[in-house]
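protein31.cif follows; it contains mmCIF, C-alpha atoms and all ligand atoms.
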data_data
loop_
_atom_site.label_atom_id
_atom_site.label_comp_id
_atom_site.auth_asym_id
_atom_site.auth_seq_id
_atom_site.Cartn_x
_atom_site.Cartn_y
_atom_site.Cartn_z
CA MET A 1213 -38.57 50.91 35.85
CA ALA A 1214 -40.55 50.56 39.06
CA ASP A 1215 -38.66 49.65 42.21
CA CYS A 1216 -38.72 46.03 43.24
CA TRP A 1217 -41.79 45.35 45.29
CA TRP A 1218 -39.86 43.23 47.75
CA SER A 1219 -37.10 44.90 49.74
CA SER A 1220 -34.82 41.88 49.59
CA TYR A 1221 -34.41 38.60 47.79
CA ALA A 1222 -35.05 36.81 51.08
CA ASP A 1223 -38.45 38.54 51.30
CA VAL A 1224 -39.60 37.42 47.89
CA THR A 1225 -38.52 33.83 48.36
CA ALA A 1226 -40.24 33.75 51.77
CA ALA A 1227 -43.45 35.27 50.34
CA LEU A 1228 -43.55 32.93 47.37
CA ASP A 1229 -42.08 29.82 48.93
CA ARG A 1230 -45.45 28.06 49.19
CA VAL A 1231 -46.50 29.16 45.70
CA MET A 1232 -43.57 27.29 44.20
CA ARG A 1233 -44.06 24.06 46.16
CA PRO A 1234 -45.78 20.93 44.83
CA ILE A 1235 -49.52 21.39 44.63
CA GLU A 1236 -50.32 19.42 47.78
CA GLU A 1237 -48.41 21.99 49.84
CA ALA A 1238 -48.92 25.02 47.61
CA SER A 1239 -50.88 28.20 48.09
CA GLY A 1240 -51.65 31.13 45.84
CA LEU A 1241 -50.03 34.53 45.47
CA PRO A 1242 -50.15 36.98 48.38
CA ASN A 1243 -53.08 39.42 48.58
CA GLU A 1244 -50.87 42.39 47.74
CA ALA A 1245 -50.37 40.96 44.26
CA TYR A 1246 -54.08 41.65 43.64
CA VAL A 1247 -54.72 44.92 45.45
CA SER A 1248 -51.60 47.05 45.62
CA ASP A 1249 -50.93 49.88 43.14
CA GLU A 1250 -47.20 49.60 43.76
CA PHE A 1251 -47.25 45.89 43.13
CA ALA A 1252 -49.21 46.40 39.90
CA GLU A 1253 -46.64 48.94 38.72
CA TRP A 1254 -43.78 46.55 39.40
CA GLU A 1255 -45.69 43.68 37.82
CA GLN A 1256 -46.16 45.69 34.61
CA ASP A 1257 -42.39 45.71 34.19
CA VAL A 1258 -41.46 42.27 35.34
CA LEU A 1259 -44.39 40.20 34.14
CA LEU A 1260 -46.45 41.95 31.47
CA ALA A 1261 -43.66 43.76 29.60
CA ARG A 1262 -41.26 40.81 29.56
CA SER A 1263 -43.77 38.27 28.25
CA TRP A 1264 -45.55 37.80 24.98
CA ALA A 1265 -48.83 39.41 26.02
CA CYS A 1266 -52.00 39.52 23.97
CA ILE A 1267 -53.32 43.09 23.60
CA GLY A 1268 -56.29 42.46 21.32
CA THR A 1269 -57.27 40.91 18.03
CA GLY A 1270 -56.66 41.87 14.44
CA ARG A 1271 -60.40 42.09 13.86
CA ARG A 1272 -60.36 45.34 15.84
CA VAL A 1273 -58.44 46.90 12.94
CA PRO A 1274 -60.19 44.97 10.16
CA GLU A 1275 -59.18 47.04 7.13
CA ALA A 1276 -55.93 48.41 5.81
CA GLY A 1277 -55.48 51.86 7.33
CA ASP A 1278 -57.41 51.07 10.52
CA ALA A 1279 -55.64 52.16 13.67
CA MET A 1280 -56.59 51.72 17.30
CA PRO A 1281 -54.97 53.27 20.34
CA LEU A 1282 -54.80 51.30 23.57
CA GLU A 1283 -52.89 51.24 26.81
CA PHE A 1284 -51.05 48.19 28.03
CA ALA A 1285 -48.71 47.80 30.97
CA GLY A 1286 -48.91 51.55 31.49
CA LEU A 1287 -47.77 52.38 27.94
CA PRO A 1288 -49.75 54.11 25.20
CA LEU A 1289 -49.68 51.97 22.05
CA ILE A 1290 -51.33 51.93 18.62
CA MET A 1291 -52.32 48.84 16.68
CA VAL A 1292 -52.32 49.52 12.93
CA ARG A 1293 -53.23 47.44 9.90
CA GLY A 1294 -50.89 48.28 7.03
CA ARG A 1295 -51.49 48.26 3.30
CA ASP A 1296 -49.87 44.82 3.22
CA ASP A 1297 -52.59 43.59 5.65
CA GLU A 1298 -50.01 43.11 8.43
CA VAL A 1299 -50.95 44.25 11.90
CA ARG A 1300 -48.18 46.31 13.53
CA VAL A 1301 -47.90 47.86 16.94
CA PHE A 1302 -46.16 51.16 17.68
CA HIS A 1303 -45.71 53.36 20.70
CA ASN A 1304 -48.48 55.93 20.48
CA VAL A 1305 -46.15 58.86 20.77
CA CYS A 1306 -44.91 61.41 18.25
CA SER A 1307 -41.17 61.49 17.64
CA HIS A 1308 -41.21 65.30 17.60
CA ARG A 1309 -42.24 66.45 21.07
CA GLY A 1310 -43.91 63.34 22.40
CA MET A 1311 -47.56 64.18 21.78
CA LEU A 1312 -50.00 61.28 21.96
CA LEU A 1313 -50.78 60.53 18.33
CA MET A 1314 -54.23 59.01 18.61
CA GLU A 1315 -56.95 59.08 21.24
CA LYS A 1316 -59.60 57.01 19.51
CA PRO A 1317 -59.83 54.35 16.80
CA ALA A 1318 -59.78 55.70 13.26
CA ARG A 1319 -59.97 54.54 9.68
CA THR A 1320 -57.02 56.48 8.32
CA ARG A 1321 -56.40 57.28 4.67
CA GLY A 1322 -52.99 55.67 4.88
CA THR A 1323 -51.18 58.01 7.25
CA ILE A 1324 -51.21 58.94 10.91
CA ARG A 1325 -50.95 62.65 11.56
CA CYS A 1326 -49.89 64.13 14.86
CA PRO A 1327 -52.47 66.69 15.99
CA TYR A 1328 -49.80 69.04 17.39
CA HIS A 1329 -47.49 70.16 14.52
CA SER A 1330 -48.88 67.85 11.89
CA TRP A 1331 -45.93 65.53 11.45
CA THR A 1332 -47.24 62.60 9.47
CA TYR A 1333 -46.31 58.91 9.57
CA ASP A 1334 -46.90 56.08 7.17
CA LEU A 1335 -48.75 52.98 8.36
CA ASP A 1336 -45.39 51.19 8.49
CA GLY A 1337 -44.21 53.80 10.99
CA SER A 1338 -41.88 55.75 8.71
CA LEU A 1339 -41.95 59.53 9.02
CA ARG A 1340 -43.37 61.00 5.83
CA ALA A 1341 -43.91 64.72 6.39
CA THR A 1342 -42.58 67.38 8.73
CA PRO A 1343 -44.39 70.55 7.64
CA MET A 1344 -42.44 73.79 8.10
CA ILE A 1345 -39.66 72.13 10.05
CA GLY A 1346 -37.21 74.39 8.24
CA GLY A 1347 -39.36 77.54 8.54
CA THR A 1348 -42.67 78.61 7.06
CA ASP A 1349 -41.41 77.93 3.56
CA SER A 1350 -39.56 74.66 4.08
CA ASN A 1351 -40.65 71.18 5.04
CA THR A 1352 -37.08 69.97 5.49
CA CYS A 1353 -34.08 71.25 7.35
CA PRO A 1354 -30.36 70.61 7.16
CA GLY A 1355 -29.13 67.78 9.34
CA PHE A 1356 -32.58 66.36 9.99
CA ASP A 1357 -32.90 62.80 8.79
CA LYS A 1358 -36.51 61.66 8.58
CA ALA A 1359 -35.43 58.04 8.51
CA LYS A 1360 -34.25 58.36 12.11
CA HIS A 1361 -37.52 59.72 13.48
CA GLY A 1362 -40.20 57.22 12.55
CA LEU A 1363 -42.65 55.72 15.01
CA LYS A 1364 -41.04 53.43 17.53
CA PRO A 1365 -42.15 49.88 16.78
CA VAL A 1366 -43.13 47.35 19.42
CA ARG A 1367 -42.09 43.75 18.91
CA SER A 1368 -45.31 42.00 17.93
CA ALA A 1369 -46.74 38.87 16.34
CA THR A 1370 -50.20 37.63 15.37
CA TRP A 1371 -51.53 34.11 15.92
CA PHE A 1372 -55.18 32.97 15.66
CA ASP A 1373 -55.88 36.68 15.07
CA ALA A 1374 -54.56 37.45 18.57
CA VAL A 1375 -51.99 40.24 18.55
CA PHE A 1376 -49.15 39.69 20.99
CA VAL A 1377 -46.52 42.19 22.05
CA ASN A 1378 -43.26 41.86 23.88
CA LEU A 1379 -42.61 45.35 25.25
CA SER A 1380 -39.20 44.60 26.74
CA GLY A 1381 -38.02 43.30 23.36
CA ASP A 1382 -36.02 40.44 24.87
CA ALA A 1383 -38.50 37.60 25.35
CA GLU A 1384 -37.84 34.34 23.54
CA PRO A 1385 -38.71 34.29 19.81
CA PHE A 1386 -42.48 34.27 19.31
CA GLU A 1387 -42.26 31.00 17.39
CA SER A 1388 -40.80 29.18 20.37
CA PHE A 1389 -43.26 30.82 22.78
CA ILE A 1390 -46.23 29.69 20.71
CA ALA A 1391 -44.83 26.30 19.66
CA PRO A 1392 -46.39 24.11 22.39
CA VAL A 1393 -49.94 25.39 21.76
CA ALA A 1394 -49.44 25.55 18.00
CA LYS A 1395 -48.40 21.90 18.11
CA ARG A 1396 -51.34 20.94 20.29
CA TRP A 1397 -53.77 22.63 17.87
CA LYS A 1398 -51.98 21.74 14.66
CA ASP A 1399 -55.27 20.51 13.21
CA PHE A 1400 -56.51 24.11 13.22
CA GLU A 1401 -53.29 25.52 11.81
CA SER A 1402 -54.67 26.50 8.45
CA ALA A 1403 -58.20 27.25 9.60
CA PRO A 1404 -59.64 30.37 8.01
CA LEU A 1405 -60.97 32.65 10.74
CA HIS A 1406 -64.25 34.28 9.78
CA HIS A 1407 -65.54 36.93 12.09
CA GLU A 1408 -68.92 38.64 11.94
CA ALA A 1409 -68.32 42.07 13.45
CA ILE A 1410 -71.99 42.72 14.17
CA ASP A 1411 -72.73 39.87 16.55
CA SER A 1412 -69.59 37.92 17.40
CA SER A 1413 -67.80 39.93 20.07
CA PHE A 1414 -68.45 41.15 23.58
CA THR A 1415 -66.62 43.17 26.20
CA LEU A 1416 -66.97 43.00 29.96
CA ASP A 1417 -65.61 45.44 32.50
CA VAL A 1418 -64.91 43.42 35.62
CA ALA A 1419 -64.00 44.58 39.13
CA CYS A 1420 -61.13 42.20 39.72
CA ASN A 1421 -57.42 41.89 39.26
CA TRP A 1422 -56.53 40.45 35.84
CA LYS A 1423 -54.82 37.45 37.42
CA LEU A 1424 -58.08 36.25 38.96
CA ALA A 1425 -59.68 36.22 35.51
CA VAL A 1426 -56.83 34.03 34.22
CA GLU A 1427 -56.81 31.72 37.26
CA ASN A 1428 -60.55 31.18 37.00
CA PHE A 1429 -60.45 30.54 33.25
CA CYS A 1430 -57.87 27.80 33.71
CA GLU A 1431 -59.87 25.49 35.94
CA ALA A 1432 -63.08 23.53 35.50
CA TYR A 1433 -63.56 22.70 39.20
CA HIS A 1434 -66.17 25.48 39.54
CA LEU A 1435 -68.35 24.23 36.69
CA PRO A 1436 -71.13 22.46 38.63
CA TRP A 1437 -71.85 25.50 40.80
CA ILE A 1438 -71.09 28.50 38.61
CA HIS A 1439 -72.06 27.17 35.17
CA PRO A 1440 -74.95 24.75 35.72
CA GLY A 1441 -76.09 25.22 32.10
CA LEU A 1442 -72.71 24.35 30.63
CA ASN A 1443 -72.31 21.55 33.16
CA SER A 1444 -75.56 19.99 32.00
CA TYR A 1445 -73.97 18.80 28.72
CA SER A 1446 -70.24 19.27 29.31
CA ARG A 1447 -69.88 17.97 32.83
CA LEU A 1448 -66.93 18.34 35.13
CA GLU A 1449 -66.34 14.60 34.71
CA ASP A 1450 -65.98 15.11 30.95
CA HIS A 1451 -63.10 17.53 31.45
CA TYR A 1452 -59.37 16.95 31.46
CA GLN A 1453 -56.69 19.34 32.59
CA ILE A 1454 -54.06 20.81 30.31
CA ALA A 1455 -51.16 21.65 32.57
CA GLU A 1456 -48.53 18.95 32.23
CA GLU A 1457 -45.01 20.30 32.56
CA VAL A 1458 -45.59 23.21 30.27
CA ASP A 1459 -44.48 26.62 31.46
CA GLY A 1460 -46.57 29.27 29.80
CA TYR A 1461 -50.04 27.94 29.20
CA ALA A 1462 -52.68 25.91 30.99
CA GLY A 1463 -56.33 25.12 30.67
CA GLN A 1464 -58.83 22.36 30.21
CA GLY A 1465 -60.54 20.25 27.64
CA SER A 1466 -64.00 18.72 27.42
CA THR A 1467 -64.91 15.59 25.54
CA ALA A 1468 -68.62 16.43 25.56
CA TYR A 1469 -69.06 19.84 24.02
CA ARG A 1470 -72.49 19.64 22.40
CA PRO A 1471 -74.60 22.67 23.23
CA GLN A 1472 -78.03 23.00 21.72
CA LEU A 1473 -77.93 26.53 20.38
CA VAL A 1474 -81.39 26.65 18.82
CA GLU A 1475 -84.59 24.69 19.38
CA ASN A 1476 -84.58 22.82 16.08
CA GLY A 1477 -81.22 21.24 16.96
CA ASN A 1478 -79.33 22.77 14.01
CA GLY A 1479 -75.68 23.53 14.54
CA LEU A 1480 -72.96 25.68 13.03
CA PRO A 1481 -70.88 24.20 10.22
CA VAL A 1482 -67.79 22.36 11.44
CA MET A 1483 -64.38 23.05 10.02
CA PRO A 1484 -63.98 21.15 6.74
CA GLY A 1485 -61.40 18.37 7.00
CA LEU A 1486 -61.04 18.54 10.78
CA PRO A 1487 -60.13 15.11 12.23
CA ALA A 1488 -63.11 13.36 13.82
CA ARG A 1489 -61.57 13.37 17.28
CA TRP A 1490 -62.38 17.09 17.50
CA HIS A 1491 -66.07 16.57 16.90
CA GLY A 1492 -67.61 17.12 20.31
CA THR A 1493 -64.28 18.04 21.86
CA ALA A 1494 -63.36 21.49 23.05
CA GLU A 1495 -60.15 22.88 24.53
CA TYR A 1496 -59.57 26.09 26.43
CA VAL A 1497 -56.20 27.48 27.34
CA ALA A 1498 -54.85 30.63 28.84
CA LEU A 1499 -51.54 31.66 27.33
CA PHE A 1500 -49.98 33.56 30.17
CA PRO A 1501 -50.28 36.37 30.83
CA THR A 1502 -53.26 37.79 28.92
CA ALA A 1503 -54.54 35.53 26.12
CA LEU A 1504 -57.47 33.15 26.45
CA PHE A 1505 -58.35 30.73 23.66
CA GLY A 1506 -61.13 28.25 23.11
CA VAL A 1507 -61.34 25.86 20.16
CA HIS A 1508 -64.23 23.70 19.04
CA ALA A 1509 -65.01 21.90 15.79
CA ASP A 1510 -67.29 24.73 14.65
CA HIS A 1511 -65.77 27.88 16.16
CA CYS A 1512 -63.04 29.32 18.27
CA PHE A 1513 -62.71 32.37 20.45
CA VAL A 1514 -59.93 34.66 21.51
CA GLY A 1515 -60.22 36.43 24.84
CA THR A 1516 -57.99 39.36 25.70
CA ILE A 1517 -57.49 40.20 29.34
CA MET A 1518 -56.62 43.87 29.73
CA PRO A 1519 -55.30 44.82 33.18
CA MET A 1520 -56.62 48.35 33.85
CA SER A 1521 -55.79 48.78 37.54
CA PRO A 1522 -55.22 46.36 40.44
CA GLY A 1523 -58.98 45.97 40.89
CA ARG A 1524 -60.22 46.37 37.33
CA THR A 1525 -59.93 44.24 34.20
CA VAL A 1526 -61.51 44.55 30.79
CA GLU A 1527 -62.20 41.29 28.95
CA HIS A 1528 -62.71 41.36 25.17
CA VAL A 1529 -63.93 38.19 23.52
CA ASP A 1530 -64.08 37.64 19.76
CA LEU A 1531 -65.65 34.57 18.18
CA TYR A 1532 -64.54 33.15 14.84
CA TYR A 1533 -65.96 30.54 12.49
CA PHE A 1534 -64.02 28.22 10.23
CA ASP A 1535 -66.48 28.12 7.38
CA ASP A 1536 -67.81 31.27 5.76
CA GLU A 1537 -71.22 29.65 5.53
CA ALA A 1538 -71.41 30.47 9.25
CA LEU A 1539 -71.41 34.18 8.41
CA GLY A 1540 -74.50 34.10 6.22
CA ASP A 1541 -77.96 35.19 7.30
CA GLY A 1542 -78.93 31.53 7.49
CA CYS A 1543 -76.62 31.15 10.50
CA ALA A 1544 -77.36 34.50 12.17
CA GLU A 1545 -79.55 32.97 14.85
CA LEU A 1546 -76.97 30.28 15.63
CA ARG A 1547 -74.16 32.84 15.78
CA GLN A 1548 -76.12 35.11 18.06
CA ALA A 1549 -77.03 32.18 20.30
CA ASN A 1550 -73.39 31.16 20.40
CA THR A 1551 -72.23 34.66 21.35
CA ALA A 1552 -74.97 34.84 23.98
CA LEU A 1553 -73.91 31.45 25.35
CA TRP A 1554 -70.30 32.55 25.79
CA LYS A 1555 -71.19 35.95 27.13
CA GLY A 1556 -73.49 34.26 29.64
CA ILE A 1557 -70.65 31.99 30.78
CA PHE A 1558 -68.23 34.90 31.19
CA LEU A 1559 -70.94 36.78 33.11
CA GLU A 1560 -71.46 33.80 35.40
CA ASP A 1561 -67.74 33.93 36.16
CA ARG A 1562 -67.89 37.62 36.96
CA PHE A 1563 -69.50 36.96 40.33
CA VAL A 1564 -66.63 34.74 41.47
CA VAL A 1565 -63.73 36.79 40.18
CA GLU A 1566 -65.20 39.93 41.74
CA GLY A 1567 -65.91 38.04 44.96
CA MET A 1568 -62.34 36.74 45.13
CA GLN A 1569 -61.07 40.28 44.58
CA ARG A 1570 -63.11 41.56 47.51
CA GLY A 1571 -61.91 38.61 49.57
CA ARG A 1572 -58.35 39.75 49.06
CA ALA A 1573 -58.98 42.73 51.33
CA SER A 1574 -59.02 40.24 54.19
CA PRO A 1575 -55.83 39.50 56.12
CA ALA A 1576 -57.52 36.25 57.11
CA PHE A 1577 -56.81 34.97 53.60
CA ARG A 1578 -53.18 34.17 52.96
CA GLY A 1579 -53.09 32.58 49.53
CA GLY A 1580 -55.38 29.65 50.34
CA VAL A 1581 -54.88 26.07 49.17
CA LEU A 1582 -55.55 24.14 45.98
CA SER A 1583 -57.33 20.94 45.07
CA PRO A 1584 -54.47 18.57 44.23
CA ALA A 1585 -56.88 16.75 41.93
CA LEU A 1586 -58.52 19.58 40.01
CA GLU A 1587 -56.41 22.72 40.19
CA HIS A 1588 -53.08 21.87 38.56
CA THR A 1589 -53.84 24.47 35.93
CA THR A 1590 -54.33 27.36 38.33
CA HIS A 1591 -51.24 26.20 40.19
CA SER A 1592 -49.31 26.29 36.97
CA PHE A 1593 -50.28 29.96 36.51
CA TYR A 1594 -49.21 30.76 40.11
CA ARG A 1595 -45.86 29.10 39.48
CA TRP A 1596 -45.41 30.83 36.15
CA ALA A 1597 -45.94 34.22 37.80
CA GLY A 1598 -44.05 33.31 40.98
CA LYS A 1599 -41.00 32.17 39.04
CA ARG A 1600 -40.88 35.49 37.17
CA PHE A 1601 -41.34 37.54 40.35
CA ILE A 1602 -38.50 35.64 42.01
CA GLU A 1603 -36.18 36.00 38.99
CA ALA A 1604 -36.85 39.75 38.76
CA ALA A 1605 -36.25 40.29 42.46
CA LYS A 1606 -33.09 38.20 42.26
CA ALA A 1607 -31.71 40.35 39.46
CA THR A 1608 -32.57 43.61 41.24
CA HIS A 1609 -31.05 42.56 44.54
CA ASN A 1610 -28.06 40.83 42.92
CA ALA A 1611 -28.90 37.73 44.89
S1 LIG A 1701 -45.42 66.67 18.77
FE1 LIG A 1701 -46.12 65.68 17.06
S2 LIG A 1701 -45.79 67.06 15.45
FE2 LIG A 1701 -45.06 68.08 17.18
FE FE A 1702 -66.01 29.68 34.54
#

Can you present the structure in this file as structure tokens?
Ligand code: FES
Ligand SMILES: [Fe+2]
Amino acid sequence: MADCWWSSYADVTAALDRVMRPIEEASGLPNEAYVSDEFAEWEQDVLLARSWACIGTGRRVPEAGDAMPLEFAGLPLIMVRGRDDEVRVFHNVCSHRGMLLMEKPARTRGTIRCPYHSWTYDLDGSLRATPMIGGTDSNTCPGFDKAKHGLKPVRSATWFDAVFVNLSGDAEPFESFIAPVAKRWKDFESAPLHHEAIDSSFTLDVACNWKLAVENFCEAYHLPWIHPGLNSYSRLEDHYQIAEEVDGYAGQGSTAYRPQLVENGNGLPVMPGLPARWHGTAEYVALFPTALFGVHADHCFVGTIMPMSPGRTVEHVDLYYFDDEALGDGCAELRQANTALWKGIFLEDRFVVEGMQRGRASPAFRGGVLSPALEHTTHSFYRWAGKRFIEAAKATHNA
């Protein structure tokens, strides 16, 4: 575990005192939280590993046997879809001598084989084969119990196709973590999620700290200037904030989500049976730390924020439709226009998140201030992170 970033409990409370205050007096996190390698290392332990963090979507391992390596919070992991269609996450490390098991995504034939001495694991993580472990003529050896040397599982759960992990293993049960958002979006609870792999995803590599991507996603204040296209039909005045007293997610809703995707005015099919109040309404929330969601009557998206280094973040966005009619050729143009619309919006945001990152090199900026009217959501993310930083420092320094 990385050393505590702050040398004393008094230091952390002083540094974060304004973050935790009511919004009228609050400011954001200190610059070091965005630029320092040491801070990022500490943050991996105390924020990313202890939360339920989204690391991707199930669609990235669409078929049984698909496996994908990734790195999160400094740890090599593998996401695997088992024969039972469940997505599981394991540490990407062989139980024999610690070789990395996979370097690139693969469609396995039902097992994962270590490239070093060929030990082989089932998709459920159990160790299946240990060739020549007992000598050139024996694949077993006395005293060696295969059952004790399977892949090490990571606590994980899937919701709306987003795969969440809790690396520390001691976060609250996933069901209670997800309950507030699941309740809010109960109307979508049984929605089938259809994904068209060819044209319904995009990935952006952005030169900013991951927290800036989350902070920016939460608020709509920037709409008129950064997203003039979106603001032309879903105006800032049509938005409401989703922050309330919830600790763990925040975002915004719009009561006027009616983009014209194609010239003839056709739209994508809406979810059958969805209550009318969702027609024309959209909601967007960030589930801290790394999941972004958007729901609309005709589609939803899952964004995964992958922290790569203090100044680099990869954003994956996958779009899903509720009606399989949306996957047909007849809807290809609409789907592509929809993906292009969202990609365009994320690209518009790139300029500000990268600009804020560069601004954090300046000692003249010391956390800034917030609009007490329009930035409750970003404040709620600051407080979520600040509270966890303070708790971690308190435990380390026995304060
Ligand atoms: S390290 Fe994997 S089989 Fe030896
Ligand atoms: Fe934006």

> Hey, which residues come within 10 Å of ligand LIG 1701 (chain A) if we count all atoms listed in the file? Could you give them as JSON, numbers by chain?
Replying inline: {"A": [1305, 1306, 1307, 1308, 1309, 1310, 1311, 1312, 1313, 1325, 1326, 1327, 1328, 1329, 1330, 1331, 1332, 1341, 1342, 1343, 1345]}

Residues just named, written with C-alpha atoms as a compact mmCIF listing (two decimals), in the frame of the given file:
# COMPACT_ATOMS: atom_id res chain seq x y z
CA VAL A 1305 -46.15 58.86 20.77
CA CYS A 1306 -44.91 61.41 18.25
CA SER A 1307 -41.17 61.49 17.64
CA HIS A 1308 -41.21 65.30 17.60
CA ARG A 1309 -42.24 66.45 21.07
CA GLY A 1310 -43.91 63.34 22.40
CA MET A 1311 -47.56 64.18 21.78
CA LEU A 1312 -50.00 61.28 21.96
CA LEU A 1313 -50.78 60.53 18.33
CA ARG A 1325 -50.95 62.65 11.56
CA CYS A 1326 -49.89 64.13 14.86
CA PRO A 1327 -52.47 66.69 15.99
CA TYR A 1328 -49.80 69.04 17.39
CA HIS A 1329 -47.49 70.16 14.52
CA SER A 1330 -48.88 67.85 11.89
CA TRP A 1331 -45.93 65.53 11.45
CA THR A 1332 -47.24 62.60 9.47
CA ALA A 1341 -43.91 64.72 6.39
CA THR A 1342 -42.58 67.38 8.73
CA PRO A 1343 -44.39 70.55 7.64
CA ILE A 1345 -39.66 72.13 10.05

> Need the neighbours of (-34.1, 43.8, 21.5): which residues are at most 12 Å away, counting only C-alpha atoms, as a PyMOL selection string?
Replying inline: chain A and resi 1262+1365-1368+1378-1385

>> Give me, as a PyMOL selection string, all polymer residues having an atom no more than 9 Å from region 1244-1249 of chain A, counting all atoms listed in the file and skipping those fewer than 4 positions away in the same chain.
In response: chain A and resi 1253-1255+1420-1424+1521-1523+1569+1572-1573

> Skipping near chain neighbours, those fewer than 4 positions away, what residues fall within 9 Å of region 1402-1404 of chain A using all atoms listed in the file, listed as number ranges by chain?
Replying inline: A: 1372, 1398, 1483-1484, 1532-1536

List every residue of chain A that has an atom at most 7 Å from any atom of ligand FE 1702 (chain A), giving for each one its closest atom pair and the distance in Å to one decimal, counting all atoms listed in the file, sorted by chain and then by ascending residue number, as a Markdown table.
| residue | atom | partner | partner_atom | distance |
| --- | --- | --- | --- | --- |
| A:Asn1428 | CA | A:FE1702 | FE | 6.2 |
| A:Phe1429 | CA | A:FE1702 | FE | 5.8 |
| A:Ala1432 | CA | A:FE1702 | FE | 6.9 |
| A:His1434 | CA | A:FE1702 | FE | 6.5 |
| A:Leu1435 | CA | A:FE1702 | FE | 6.3 |
| A:Ile1438 | CA | A:FE1702 | FE | 6.6 |
| A:His1439 | CA | A:FE1702 | FE | 6.6 |
| A:Ile1557 | CA | A:FE1702 | FE | 6.4 |
| A:Phe1558 | CA | A:FE1702 | FE | 6.6 |
| A:Glu1560 | CA | A:FE1702 | FE | 6.9 |
| A:Asp1561 | CA | A:FE1702 | FE | 4.9 |

>> I'd like the neighbourhood of region 1459-1471 of chain A as a ChimeraX atom specification, where a residue qualifies if any of its atoms comes within 6 Å (using only C-alpha atoms), though same-chain residues fewer than 5 positions away should be ignored.
In response: /A:1430,1446,1450-1454,1492-1500,1589

> Taking all atoms listed in the file into account, which of A:Pro1234, A:Gly1485, A:Pro1392, A:Pro1281 comes nearest Ser1583 (chain A)?
Replying inline: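 Checking each candidate against Ser1583 (chain A), we get A:Pro1234 as the closest.
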
> Taking into account all atoms listed in the file, which residue in the set A:Arg1340, A:Arg1233, A:Arg1595, A:Lys1606 is nearest to Lys1358 (chain A)?
Replying inline: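 Result for the nearest residue to Lys1358 (chain A): A:Arg1340.
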
> region 1264-1272 of chain A: which residues within 6 Å, counting only C-alpha atoms, same-chain residues fewer than 3 positions away excluded, as JSON, numbers by chain?
Replying inline: {"A": [1373, 1374, 1375, 1376, 1377, 1378, 1501, 1502, 1503, 1516]}

Using C-alpha atoms, can you write the selected residues to a file as a PDB file, in the coordinates of the input?
ATOM      1  CA  ASP A1373     -55.880  36.680  15.070  1.00  0.00           C
ATOM      2  CA  ALA A1374     -54.560  37.450  18.570  1.00  0.00           C
ATOM      3  CA  VAL A1375     -51.990  40.240  18.550  1.00  0.00           C
ATOM      4  CA  PHE A1376     -49.150  39.690  20.990  1.00  0.00           C
ATOM      5  CA  VAL A1377     -46.520  42.190  22.050  1.00  0.00           C
ATOM      6  CA  ASN A1378     -43.260  41.860  23.880  1.00  0.00           C
ATOM      7  CA  PRO A1501     -50.280  36.370  30.830  1.00  0.00           C
ATOM      8  CA  THR A1502     -53.260  37.790  28.920  1.00  0.00           C
ATOM      9  CA  ALA A1503     -54.540  35.530  26.120  1.00  0.00           C
ATOM     10  CA  THR A1516     -57.990  39.360  25.700  1.00  0.00           C
TER      11      THR A1516
END

Model the absent atoms of region 1424-1433 of chain A so that N, CA and C atoms are present, and write the result as an mmCIF file, keeping the file's coordinate frame.
data_model
loop_
_atom_site.group_PDB
_atom_site.id
_atom_site.type_symbol
_atom_site.label_atom_id
_atom_site.label_comp_id
_atom_site.auth_asym_id
_atom_site.auth_seq_id
_atom_site.Cartn_x
_atom_site.Cartn_y
_atom_site.Cartn_z
ATOM 1 N N LEU A 1424 -56.953 37.089 38.547
ATOM 2 C CA LEU A 1424 -58.080 36.250 38.960
ATOM 3 C C LEU A 1424 -58.874 35.778 37.746
ATOM 4 N N ALA A 1425 -58.967 36.627 36.733
ATOM 5 C CA ALA A 1425 -59.680 36.220 35.510
ATOM 6 C C ALA A 1425 -58.948 35.053 34.846
ATOM 7 N N VAL A 1426 -57.621 35.107 34.844
ATOM 8 C CA VAL A 1426 -56.830 34.030 34.220
ATOM 9 C C VAL A 1426 -56.932 32.754 35.070
ATOM 10 N N GLU A 1427 -56.768 32.897 36.373
ATOM 11 C CA GLU A 1427 -56.810 31.720 37.260
ATOM 12 C C GLU A 1427 -58.148 30.991 37.150
ATOM 13 N N ASN A 1428 -59.216 31.769 37.071
ATOM 14 C CA ASN A 1428 -60.550 31.180 37.000
ATOM 15 C C ASN A 1428 -60.784 30.504 35.648
ATOM 16 N N PHE A 1429 -60.258 31.114 34.586
ATOM 17 C CA PHE A 1429 -60.450 30.540 33.250
ATOM 18 C C PHE A 1429 -59.776 29.187 33.127
ATOM 19 N N CYS A 1430 -58.659 29.029 33.853
ATOM 20 C CA CYS A 1430 -57.870 27.800 33.710
ATOM 21 C C CYS A 1430 -58.549 26.554 34.264
ATOM 22 N N GLU A 1431 -59.372 26.701 35.275
ATOM 23 C CA GLU A 1431 -59.870 25.490 35.940
ATOM 24 C C GLU A 1431 -61.353 25.227 35.686
ATOM 25 N N ALA A 1432 -61.690 23.934 35.721
ATOM 26 C CA ALA A 1432 -63.080 23.530 35.500
ATOM 27 C C ALA A 1432 -63.773 23.124 36.803
ATOM 28 N N TYR A 1433 -63.037 23.144 37.897
ATOM 29 C CA TYR A 1433 -63.560 22.700 39.200
ATOM 30 C C TYR A 1433 -64.873 23.406 39.544
#
